[in-house]
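Following: one structure in structure tokens, then a few remarks.
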Amino acid sequence: MSSTVVPTTRAFQRLDSGQLLLISVAGLLAVAGVVHTAAVGLVQPEFAIGFGALIAAGELARLTMPGNREVAPIGAAAALGYTLLLDVGTTEALHSPLQVVAVMAVGMAAGVLPHLAVGRPPQLDAMARRLLTGALLAFAYRPLADSLHGMTRGPDGSWTSVLGVMALLVMVTLTLDVLLAAVLRAEQVRAAFGVALRDEVRMAAPLGVAVGSSGILLALASHSMDMAALLVFAAPLLVTQVAFRKYAGIRATYLQTVRALSQVTEVAGYVEPGHSRRVSRLSVAVGRELGMAEPELLELEYAALMHDIGQLSLRDPIPGGATVLVDSAQARRIAELGAEVIRQTGVLDRVAEIVRRQCDPCIEMPPLPSRIIKAVNAYDDLVGASTDRDRAGASMERLRGGIGAEYDPDVVEALARVVDRLARY
Amino acid sequence: MAVLRGLPWPAKAYLVVVIGAAAGLFGHSVAGGRLAPLDWPTLLVLALLFLVCESMPTLLSVKRAAVSVSFSAALAAVVLVGPEGAALVGMTAALSVHPGLPPVKRLFNGAQFAVCGYVAGMVYQHLGGKTDVPDIAGFNDLILPYAGAAAVFVPLNFILIAFILILSGQADQVPLRGLAQFLVSYLGYATFGLLIAGLWATVNSISAVLVLIPLFVARWGFGQYLAQQRSYDATIAALCQAVETKDYYTRGHCTRVSLASGMIAEEIGMGPERLRAIRYAGMLHDVGKLGVPTKVLQKEGPLTEEEFAAIQLHPMRGLEIVRGIDFLDEAFAGIMHHHERQDGKGYPMGLAGDEIPEFARIIAVADAFDAMTSDRSYRNARSVEIATAELRKGAGTQFDPVMVGAFVKALDRDGWQPTRKVTPPPEDAAETTTKDHDDPTMPIQVVSER
């Protein structure tokens with residue numbers, strides 16, 4: 001293979017096999033839906049266009065939640081609403097599941113175009129997941145639509161049981177969506193499935209509930225309010241979306257700020273350039289390998305980024321900044337000073353505790369994140385930015401020598417696996 | 001009633017008038033027999049909904065003003081049960097769960113909501129709205145009268161509350177600056193009411209639950225956001241202070257510059273987003289100083305050109321550090337250029353006048369002011385008066401006169417918390433510097449090596 005091909009394959013490799021499968025299935029489905037709809041003609045085009053426009057608007061207003069999760073709550077709710085639609089005013093909705101897929105696909109594509117134009121490509125797997133779960137619900141629900149609609153008609157027609165069916169199917173769909181997300185996540189970041197599932201549920205639950213109820217609301221509202229429902233409905237979910245956008249924004253800024261300010265020790269010459277960042281990356285990978293959940297990983301990341309911040313209180317920089325080479329009393333003092341700085345925030349007490357105990361030997365049973373930082377910090381002090389495999393191997397051996405007394409054996413083994421995996425890519 | 005006694009008489013009279021008006025409305029409706037034909041079950045559900053929302057005000061970013069979505073229930077009542085019903089629903093605000101709220105305030109709150117509900121109901125009917133559960137065919141005819149009712153309810157509610165705040169001398173507690181944002185979100189919440197009313201025909205009270213769910217999720221999201229925001233502000237302040245621990249005398253400099261920059265920015269009428277950005281920029285403006293070798297900062301006597309160049313580099317170093325953060329670009333410009341001078345003799349780029357970004361012009365003033373009013377190893381802190389005089393003297397050459405003027409005005413109004421007196425640092429503490437590059441009264445002496 002010639003060398004010019006390498007970048008393309010590299011770029012391709014960033015999509016895992018599961019993601020590729022998902023994207024191709026969703027792509028095929030979208031094509032099938034569009035072709036089918038084009039062949040038989042668009043049923044009730046005004047409904048399709050109204051909901052399609054809202055889907056497009058929702059896709060345009062997509063946001064990225066913590067953990068790089070792309071969501072489009074308004075678009076998802078609009079798609080749900082179109083799927084669940086029984087009637088608009090007094091006209092029964094007659095669209096087929098494939099038309100739902102077509103409307104979703106076209107709406108999403110229209111919403112993505114402006115983003116593409118300014119160079120912000122969507123996360124294909126997130127889009128594919130949205131399309132696929134929407135399609136699953138459509139195939140399950142649309143065949144029932146006619147009989148459900150019958151139940152609401154007539155003098156003793158009632159919406160209660162219809163509401164029950166809608167709620168049940170929406171819940172099943174949301175569960176499937178979360179499962180799918182967890183499978184992808186587990187593969188993407190190499191986390192255990194159970195851990196990934198818990199993380200996904202924690203992230204998806206609040207927004208999922210809002211999207212689900214808004215979707216049902218939209219279908220019901222279209223019954224009593226005609227197409228005006230689309231306009232009126234956009235407002236409540238917009239409030240939710242604004243709240244979550246702000247939340248996601250501050251979470252991102254928070255992490256960026258800690259990352260940025262953790263560099264001050266490097267700028268001031270206390271530690272080698274890139275040390276904090278490397279230790280944090282490696283620590284998070286090791287933590288994930290050991291089955292830590294996302295909130296704990298975030299604390300680990302903060303602690304790893306700031307583990308050397310105590311050095312700012314030192315009179316003179318330690319040569320090369322390598323804390324593994326200084327005497328343990330000095331290292332402990334740095335850890336204490338750093339923990340004191342972090343405790344000043346008043347909110348990161350657990351992070352401060354991790355930093356404070358980062359030099360405690362394993363036999364004193366410090367918390368797991370501290371044990372991880374201790375091992376990873378020692379490894380990075382020995383290896384640095386070098387990519388030399390022999391040096392990495394020798395450093396690993398030195399760490400293994402300290403297993404039991406200094407370092408946690410599980411942590412060292414996890415670190416060895418992570419280092420080995422990184423070396424292969 | 002202890003609360004009443006503390007109020008000035010116009011406020012008391014106003015309270016009595018509003019509560020009296022509500023009572024009059026109530027009596028008038030009872031006498032006219034207009035309460036009997038009301039749809040009581042619907043009214044009860046709406047009142048309950050109103051009470052739930054009123055008891056859980058959604059916190060918006062407006063400082064200290066709790067925006068409650070309760071009035072979507074009141075507006076739904078306008079459609080479903082008419083002006084009298086809406087007034088009754090509004091009156092239940094007096095019963096809301098606010099521990100420690102004095103009875104007079106409760107009564108006033110209920111009364112003002114009742115008045116708003118009644119007036120909105122009358123507007124609704126005048127614009128041709130029918131008081132009934134809307135049916136499918138009639139929905140589009142509902143929108144215009146409803147919009148009219150909402151448009152009256154929001155400002156009326158605001159005016160009634162603003163009056164009592166002004167009369168009781170608390171007006172500055174609810175900043176009028178955030179008003180636009182406040183009104184937009186309020187009008188957004190109005191649509192919730194339309195949604196509840198519109199869905200009533202289909203699923204009755206379940207509509208209220210369905211509408212409430214996204215609302216509560218939004219509230220939860222806002223809560224999370226605010227918690228993160230607070231946590232973030234505390235963290236950034238602590239980290240900046242950690243950067244300063246190296247120099248005993250400049251401790252707290254970053255938070256004070258952030259505060260002063262915020263004062264100036266607020267004075268010249270910056271919007272909330274830019275205001276937040278300049279506070280962060282002020283906080284972070286000197287992080288690059290860590291890159292300046294300690295021996296340069298500690299050196300007695302004039303600096304060589306090379307050493308001065310190291311000091312001149314610190315804004316760029318700072319920018320390098322914070323560039324990865326998603327701030328407004330203006331914040332970066334503020335950090336990069338906070339040592340530029342109006343006459344173009346500043347650093348790092350020698351920009352002059354309007355070429356200097358607005359953020360940088362603000363930070364320059366705040367920075368110099370704090371340097372002068374803090375203790376240094378070579379002198380004691382100067383008074384605010386001397387420092388402002390010094391700023392005025394530098395206006396036009398070193399500082400932007402507009403920013404200096406705005407700062408002086410803000411200082412006159414709000415005052416300045418003087419820094420704690422620095423006790424001479426203990427011998428083993430982190431080192432102190434003998435130079436302050438921010439201090440305009442002690443310009444750094446540079447000797448030419450040639």
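We name chains A, B, ... following the order of the structure tokens; residues begin at 1 in each chain, and ligands are numbered from 1 as shown.
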Practice prompt. Residues of chain B no more than 6 Å from chain A, counting only C-alpha atoms: send them over as a ChimeraX atom specification.
Written response: /B:136,139,188,191,199,210,214,218,221-222,225,231-232,234-235,238,246,290-291,321-322,325-326,430
Name all residues at most 7 Å from stretch 409-418 of chain B (count only C-alpha atoms; drop same-chain ones fewer than 4 positions away) and give them as a PDB file with N, CA, C and O atoms, in the first residue's frame.
ATOM      1  N   MET B 263     -17.357  46.526  37.050  1.00  0.00           N
ATOM      2  CA  MET B 263     -18.016  47.792  37.398  1.00  0.00           C
ATOM      3  C   MET B 263     -18.012  48.747  36.207  1.00  0.00           C
ATOM      4  O   MET B 263     -19.021  49.386  35.902  1.00  0.00           O
ATOM      5  N   ILE B 264     -16.857  48.851  35.553  1.00  0.00           N
ATOM      6  CA  ILE B 264     -16.770  49.750  34.397  1.00  0.00           C
ATOM      7  C   ILE B 264     -17.706  49.287  33.292  1.00  0.00           C
ATOM      8  O   ILE B 264     -18.475  50.057  32.724  1.00  0.00           O
ATOM      9  N   GLU B 267     -21.203  50.000  33.964  1.00  0.00           N
ATOM     10  CA  GLU B 267     -21.461  51.433  33.888  1.00  0.00           C
ATOM     11  C   GLU B 267     -21.661  51.884  32.440  1.00  0.00           C
ATOM     12  O   GLU B 267     -22.505  52.728  32.167  1.00  0.00           O
ATOM     13  N   GLY B 405     -13.831  57.850  33.187  1.00  0.00           N
ATOM     14  CA  GLY B 405     -15.039  58.539  33.641  1.00  0.00           C
ATOM     15  C   GLY B 405     -16.062  57.564  34.200  1.00  0.00           C
ATOM     16  O   GLY B 405     -16.626  57.771  35.282  1.00  0.00           O
TER      17      GLY B 405
END
